[in-house]
Amino acid sequence: MLTVFMTTGVINPGEALRGFSNEGMITIALLFIVAGAVHKSGILEDIMKLWLAGSKSVKGSMIRFFIPISFLSGFLNNTPIVVTFTPMIKKWCEERGIAPSKFLIPLSYATIIGGTITVIGTSTNLIVHGMLVDYGYDGFSLFQLAIVGIPITIVGLIYIFTIGYKLLPEHKGFQQQIKEDSREYLAELIVEASFPYINQSVEHAGLRDLNHLYLIGIIRGKDRISPVRPATIIQTGDRLIFTGLISTIESIQMMKGLTLRTGTHLDLDELKNGNTELVEAVVSHQSSLHSRTIKQLKFRSRYDAGVIAVHRKNERITSKIGEIVLKPGDILLLLAGKDFVEKHNQSNDFYVLTTLETPEALRRNPAKGRLAIVLFICMILLVACGVLSMLNGMAIVVVLLLLTKVITPEEAKRFIHFDVLLLIASSFGIGIAMSETGLASWIAEGLLDVGKPLGLFAILIFIYLLTNIFTELITNSAAAVLMIPIGLELAEGLQLQPIGFAVVIAIASSASFITPIGYQTNLIVYGPGGYKFKDYIKVGTPLSLLVMIMTVVISYYWWF
C-alpha cells in the first residue's frame, strides 16, 4: 500500500520512507535485541520456577505468578515473555492435573495490561512515542503511561483472579489429548519376512508418499528411528508407525508382508529415541509456512521433523497431513531432532516451541545472564532519571552486550523481527498519507460532529472504541499508527493538548482481549491452551470494557 501511495504521488519518497528512521521504530529494533539477551539468560525463568514451586493452591499460584509477570512485561517485550513461560506453565499444570487453559489466557492478558505501565512495555507505546516526536511533541516519559497503566493492571488482575478464572474453560493440552487418544492418531504395521522390499530403502518400497498416511517412525528392537528419511533401510521385524487418516489404512494393509496392528497401544513417548523429542510448535503471524501444505514445504527435510498431528481451533484437522494448508495459530505436534529447539527457537516461523526437557545445548551461562540483566536494569534507571534517552540507552546496552559477548551478532540478528519492523515503518508512511490527503482531518471532523454535543468524555470513548476495533481486526501497531493522526487532529480541533489523546490511543491499541488474532500473545497461547474463538470473547469482553472505562475516566480527569 505504501508503494502505491508513493508511486502515485500521494506522498513523496521522503515521506514514504520516514518511518524507517523513526526514533520509536529504531528503539523497538534495539528492544528486540535487549529482550532477546535477557530471555536467552534463562535467569528470570529459573526464578519464576522456584517462585511458582512454593504455591499451595491454584489461586495462590496465579497470584504469585501473574503479579511479577505483569511487572516484568512493563520492561520487556510481551512476546518473548509469553514464549518463555507458556511451556513452563503447561508443564507445571500437567504435573498437577490442572487444565493449562486456566492459566494461559491469563498469562497473555497479564502481559498485555502490564505492558501499559511503561513506554517500553510494548512496541505500540514506543510507536506512539515515536510519532509524537515526529510531529514535534515531547513524546512520553518512561513512566508517564503508568498513570493509567498501574490502575488498569491492578483491576485487570483482580478480574482475572476472580470472575475471569470462573469463565475460563477447562481444556487439556493437545499433547495430553493425543497421548490419551493415540489409537486414533497412530497406526502400526509389522514388516514380515515375506515383504518384497526387505533391506531396501523406504522410498524404493513406496512408503514415502502414501495416500493419506505419513511414516513418522520405525521401531527396531530397542532402537527408535525418527524422523524417517527416504534412504532409511527396512528390515524384517520393523514396526512402522504411521499417522494421518488412519481410516484409510486399508490401502497399505494390502501390501504383501505388512501386518496391521489394530490401532496401537504405543505411547507417544515410546517414539522418542536419544536423538529425538516431542515438540509443540505454533505457526506464527509472520511464518513463511502460511498458505502452503506440509508436503509443499518439504517439512521433514527442511526441519528434520515429522508432523504427528495438526490442530486448529481446538480440533484435529481430519485430512491427509501432507495436504493440510497451514494457517496462523495452527499447532503442530512434531517428532523432531534434539537440535530442533536450538535451531528454531528464534525462528519467525514458530511462536512457541515446547519440549519435554531442555536440550543440553540450551544450558545458560549464569555470569553472562546476570550481566545482561544488570545492564538492562542500569539502562532503565538512567532513562528514568533522564540521564539518557530511550534510544541512546538501548543502543548503549546493545553495544555492551555485543562487546562482552553476552550475545553474538548472529544472535542479535535472529532476535530482531524484521518483518514486524517493516510493517511498522511502512505504517508510518500510511499515517502520513492520511494526514496529507486530509483523511485524518475528515474522520476527526466526523467524530467531532457526532461527539461534541455529547462532550469530550464521549469523544474519548469513540477514539478508544475505533482504535480497539482496528487492533482486533488488523494489528496493534498498525492501529496506533492509523489513529495518532486522527487523535492529533481532534486535539487541534478542540484546542487541547494531544498527550491525553495519545495515551488513550496507546492503551486502546494494546488492549486486545476479545480475539486471538488482534495481539500476538493471544495467538501464542491459542493452540497450547486448546482454546476456541468464543473463549476469548467470553473472558475478554468484560476485561476490555473494564480497561476502556478506566482508561477514559483517568485520562479525562488527569489530562483534561
# chains A, B, ... in the order shown; residues from 1 in each chain; ligands from 1
>>> residues_around(residues="A:Pro68", least_positions_apart="6", cutoff="10 Å", atoms="only C-alpha atoms", output="PyMOL selection string")
chain A and resi 48+51+110-111+114
>>> select_by_dssp(residues="stretch 327-443 of chain A", states="strand (DSSP E)", output="PyMOL selection string")
chain A and resi 331-337+350-355
>>> write_last_selection(atoms="N, CA and C atoms", output="mmCIF file, in the first residue's frame")
data_model
loop_
_atom_site.group_PDB
_atom_site.id
_atom_site.type_symbol
_atom_site.label_atom_id
_atom_site.label_comp_id
_atom_site.auth_asym_id
_atom_site.auth_seq_id
_atom_site.Cartn_x
_atom_site.Cartn_y
_atom_site.Cartn_z
ATOM 1 N N ILE A 331 -1.435 -25.492 15.547
ATOM 2 C CA ILE A 331 -0.443 -26.081 16.442
ATOM 3 C C ILE A 331 -0.007 -27.423 15.866
ATOM 4 N N LEU A 332 1.295 -27.597 15.745
ATOM 5 C CA LEU A 332 1.866 -28.812 15.172
ATOM 6 C C LEU A 332 2.499 -29.621 16.292
ATOM 7 N N LEU A 333 2.188 -30.909 16.345
ATOM 8 C CA LEU A 333 2.899 -31.813 17.250
ATOM 9 C C LEU A 333 3.938 -32.538 16.413
ATOM 10 N N LEU A 334 5.197 -32.362 16.771
ATOM 11 C CA LEU A 334 6.299 -32.845 15.939
ATOM 12 C C LEU A 334 7.143 -33.879 16.684
ATOM 13 N N LEU A 335 7.667 -34.808 15.918
ATOM 14 C CA LEU A 335 8.724 -35.689 16.401
ATOM 15 C C LEU A 335 9.992 -35.166 15.738
ATOM 16 N N ALA A 336 10.836 -34.492 16.520
ATOM 17 C CA ALA A 336 11.922 -33.706 15.934
ATOM 18 C C ALA A 336 13.268 -34.087 16.511
ATOM 19 N N GLY A 337 14.318 -33.702 15.787
ATOM 20 C CA GLY A 337 15.683 -33.920 16.242
ATOM 21 C C GLY A 337 15.986 -33.095 17.485
ATOM 22 N N PHE A 350 7.732 -20.031 13.914
ATOM 23 C CA PHE A 350 7.007 -20.580 15.052
ATOM 24 C C PHE A 350 7.019 -19.586 16.212
ATOM 25 N N TYR A 351 5.878 -19.467 16.892
ATOM 26 C CA TYR A 351 5.812 -18.642 18.093
ATOM 27 C C TYR A 351 6.310 -19.400 19.312
ATOM 28 N N VAL A 352 5.861 -20.651 19.450
ATOM 29 C CA VAL A 352 6.151 -21.392 20.675
ATOM 30 C C VAL A 352 6.742 -22.733 20.310
ATOM 31 N N LEU A 353 7.793 -23.084 20.955
ATOM 32 C CA LEU A 353 8.362 -24.415 20.815
ATOM 33 C C LEU A 353 8.393 -25.014 22.208
ATOM 34 N N THR A 354 7.644 -26.072 22.431
ATOM 35 C CA THR A 354 7.637 -26.684 23.753
ATOM 36 C C THR A 354 8.262 -28.058 23.674
ATOM 37 N N THR A 355 9.133 -28.352 24.618
ATOM 38 C CA THR A 355 9.767 -29.660 24.653
ATOM 39 C C THR A 355 9.541 -30.267 26.028
#
>>> select_by_dssp(residues="stretch 56-125 of chain A", states="alpha helix (DSSP H)", output="ChimeraX atom specification")
/A:58-73,78-95,101-114,123-125
>>> residues_around(residues="A:Ile469", least_positions_apart="3", cutoff="9 Å", atoms="only C-alpha atoms", output="ChimeraX atom specification")
/A:464-466,472-474,479,508-509,512
>>> write_last_selection(atoms="all heavy atoms", output="PDB file, in the first residue's frame")
ATOM      1  N   TYR A 464     -11.304   5.543  21.647  1.00  0.00           N
ATOM      2  CA  TYR A 464     -10.884   4.256  22.215  1.00  0.00           C
ATOM      3  C   TYR A 464     -11.500   3.100  21.424  1.00  0.00           C
ATOM      4  O   TYR A 464     -10.801   2.152  21.035  1.00  0.00           O
ATOM      5  CB  TYR A 464     -11.290   4.171  23.685  1.00  0.00           C
ATOM      6  CG  TYR A 464     -10.714   2.959  24.394  1.00  0.00           C
ATOM      7  CD1 TYR A 464      -9.602   3.074  25.208  1.00  0.00           C
ATOM      8  CD2 TYR A 464     -11.280   1.686  24.216  1.00  0.00           C
ATOM      9  CE1 TYR A 464      -9.063   1.963  25.842  1.00  0.00           C
ATOM     10  CE2 TYR A 464     -10.744   0.577  24.833  1.00  0.00           C
ATOM     11  CZ  TYR A 464      -9.637   0.718  25.653  1.00  0.00           C
ATOM     12  OH  TYR A 464      -9.099  -0.396  26.258  1.00  0.00           O
ATOM     13  N   LEU A 465     -12.811   3.166  21.203  1.00  0.00           N
ATOM     14  CA  LEU A 465     -13.512   2.076  20.504  1.00  0.00           C
ATOM     15  C   LEU A 465     -12.991   1.888  19.086  1.00  0.00           C
ATOM     16  O   LEU A 465     -12.769   0.761  18.641  1.00  0.00           O
ATOM     17  CB  LEU A 465     -15.019   2.349  20.480  1.00  0.00           C
ATOM     18  CG  LEU A 465     -15.768   2.124  21.800  1.00  0.00           C
ATOM     19  CD1 LEU A 465     -17.204   2.615  21.682  1.00  0.00           C
ATOM     20  CD2 LEU A 465     -15.747   0.653  22.200  1.00  0.00           C
ATOM     21  N   LEU A 466     -12.792   2.996  18.353  1.00  0.00           N
ATOM     22  CA  LEU A 466     -12.308   2.913  16.974  1.00  0.00           C
ATOM     23  C   LEU A 466     -10.914   2.291  16.926  1.00  0.00           C
ATOM     24  O   LEU A 466     -10.632   1.409  16.106  1.00  0.00           O
ATOM     25  CB  LEU A 466     -12.291   4.311  16.346  1.00  0.00           C
ATOM     26  CG  LEU A 466     -11.999   4.402  14.842  1.00  0.00           C
ATOM     27  CD1 LEU A 466     -12.980   3.564  14.032  1.00  0.00           C
ATOM     28  CD2 LEU A 466     -12.047   5.862  14.375  1.00  0.00           C
ATOM     29  N   GLU A 472      -8.245  -5.225  16.929  1.00  0.00           N
ATOM     30  CA  GLU A 472      -8.792  -6.587  16.822  1.00  0.00           C
ATOM     31  C   GLU A 472      -8.803  -7.079  15.375  1.00  0.00           C
ATOM     32  O   GLU A 472      -8.664  -8.274  15.119  1.00  0.00           O
ATOM     33  CB  GLU A 472     -10.216  -6.639  17.395  1.00  0.00           C
ATOM     34  CG  GLU A 472     -10.334  -6.261  18.875  1.00  0.00           C
ATOM     35  CD  GLU A 472      -9.720  -7.279  19.816  1.00  0.00           C
ATOM     36  OE1 GLU A 472      -9.148  -8.279  19.356  1.00  0.00           O
ATOM     37  OE2 GLU A 472      -9.801  -7.059  21.045  1.00  0.00           O
ATOM     38  N   LEU A 473      -8.969  -6.162  14.426  1.00  0.00           N
ATOM     39  CA  LEU A 473      -9.093  -6.573  13.018  1.00  0.00           C
ATOM     40  C   LEU A 473      -7.758  -6.642  12.291  1.00  0.00           C
ATOM     41  O   LEU A 473      -7.586  -7.452  11.386  1.00  0.00           O
ATOM     42  CB  LEU A 473     -10.036  -5.616  12.276  1.00  0.00           C
ATOM     43  CG  LEU A 473     -11.495  -5.606  12.748  1.00  0.00           C
ATOM     44  CD1 LEU A 473     -12.306  -4.598  11.956  1.00  0.00           C
ATOM     45  CD2 LEU A 473     -12.114  -6.999  12.633  1.00  0.00           C
ATOM     46  N   ILE A 474      -6.835  -5.718  12.623  1.00  0.00           N
ATOM     47  CA  ILE A 474      -5.534  -5.733  11.938  1.00  0.00           C
ATOM     48  C   ILE A 474      -4.450  -6.072  12.954  1.00  0.00           C
ATOM     49  O   ILE A 474      -4.356  -7.195  13.393  1.00  0.00           O
ATOM     50  CB  ILE A 474      -5.270  -4.417  11.155  1.00  0.00           C
ATOM     51  CG1 ILE A 474      -5.698  -3.172  11.963  1.00  0.00           C
ATOM     52  CG2 ILE A 474      -5.984  -4.438   9.831  1.00  0.00           C
ATOM     53  CD1 ILE A 474      -5.371  -1.847  11.299  1.00  0.00           C
ATOM     54  N   ALA A 479      -2.834  -0.179  14.162  1.00  0.00           N
ATOM     55  CA  ALA A 479      -3.942   0.596  14.737  1.00  0.00           C
ATOM     56  C   ALA A 479      -3.430   1.897  15.341  1.00  0.00           C
ATOM     57  O   ALA A 479      -4.022   2.970  15.148  1.00  0.00           O
ATOM     58  CB  ALA A 479      -4.660  -0.234  15.807  1.00  0.00           C
ATOM     59  N   ALA A 508      -5.571   1.705  24.078  1.00  0.00           N
ATOM     60  CA  ALA A 508      -6.582   1.003  23.261  1.00  0.00           C
ATOM     61  C   ALA A 508      -5.937   0.105  22.217  1.00  0.00           C
ATOM     62  O   ALA A 508      -6.470  -0.953  21.882  1.00  0.00           O
ATOM     63  CB  ALA A 508      -7.496   2.025  22.590  1.00  0.00           C
ATOM     64  N   SER A 509      -4.769   0.507  21.704  1.00  0.00           N
ATOM     65  CA  SER A 509      -4.063  -0.310  20.701  1.00  0.00           C
ATOM     66  C   SER A 509      -3.553  -1.605  21.308  1.00  0.00           C
ATOM     67  O   SER A 509      -3.489  -2.634  20.629  1.00  0.00           O
ATOM     68  CB  SER A 509      -2.876   0.470  20.128  1.00  0.00           C
ATOM     69  OG  SER A 509      -3.307   1.633  19.474  1.00  0.00           O
ATOM     70  N   SER A 512      -6.063  -5.653  23.522  1.00  0.00           N
ATOM     71  CA  SER A 512      -6.762  -6.602  22.650  1.00  0.00           C
ATOM     72  C   SER A 512      -7.015  -7.887  23.428  1.00  0.00           C
ATOM     73  O   SER A 512      -6.103  -8.676  23.656  1.00  0.00           O
ATOM     74  CB  SER A 512      -5.910  -6.894  21.409  1.00  0.00           C
ATOM     75  OG  SER A 512      -6.483  -7.919  20.649  1.00  0.00           O
TER      76      SER A 512
END
>>> atom_distance(atom1="atom CA of A:Gly455", atom2="atom CA of A:Ile554")
15.8 Å
>>> atom_distance(atom1="atom CA of A:Thr404", atom2="atom CA of A:Lys368")
8.3 Å
>>> atom_distance(atom1="atom CA of A:Gly24", atom2="atom CA of A:Pro498")
17.7 Å
>>> residues_around(residues="A:Pro151", least_positions_apart="2", cutoff="12 Å", atoms="only C-alpha atoms", output="number ranges by chain")
A: 113-114, 116-117, 145-149, 153-158, 546-551, 553-555
>>> residues_around(residues="A:Tyr137", least_positions_apart="2", cutoff="12 Å", atoms="only C-alpha atoms", output="count of residues only")
16
>>> residues_around(residues="A:Leu401", least_positions_apart="6", cutoff="8 Å", atoms="only C-alpha atoms", output="list of chain:residue names")
A:Ala37, A:Ala372, A:Ile407
>>> residues_around(residues="A:Ala458", least_positions_apart="6", cutoff="10 Å", atoms="only C-alpha atoms", output="JSON, numbers by chain")
{"A": [447, 448, 450, 451, 452, 464, 552]}
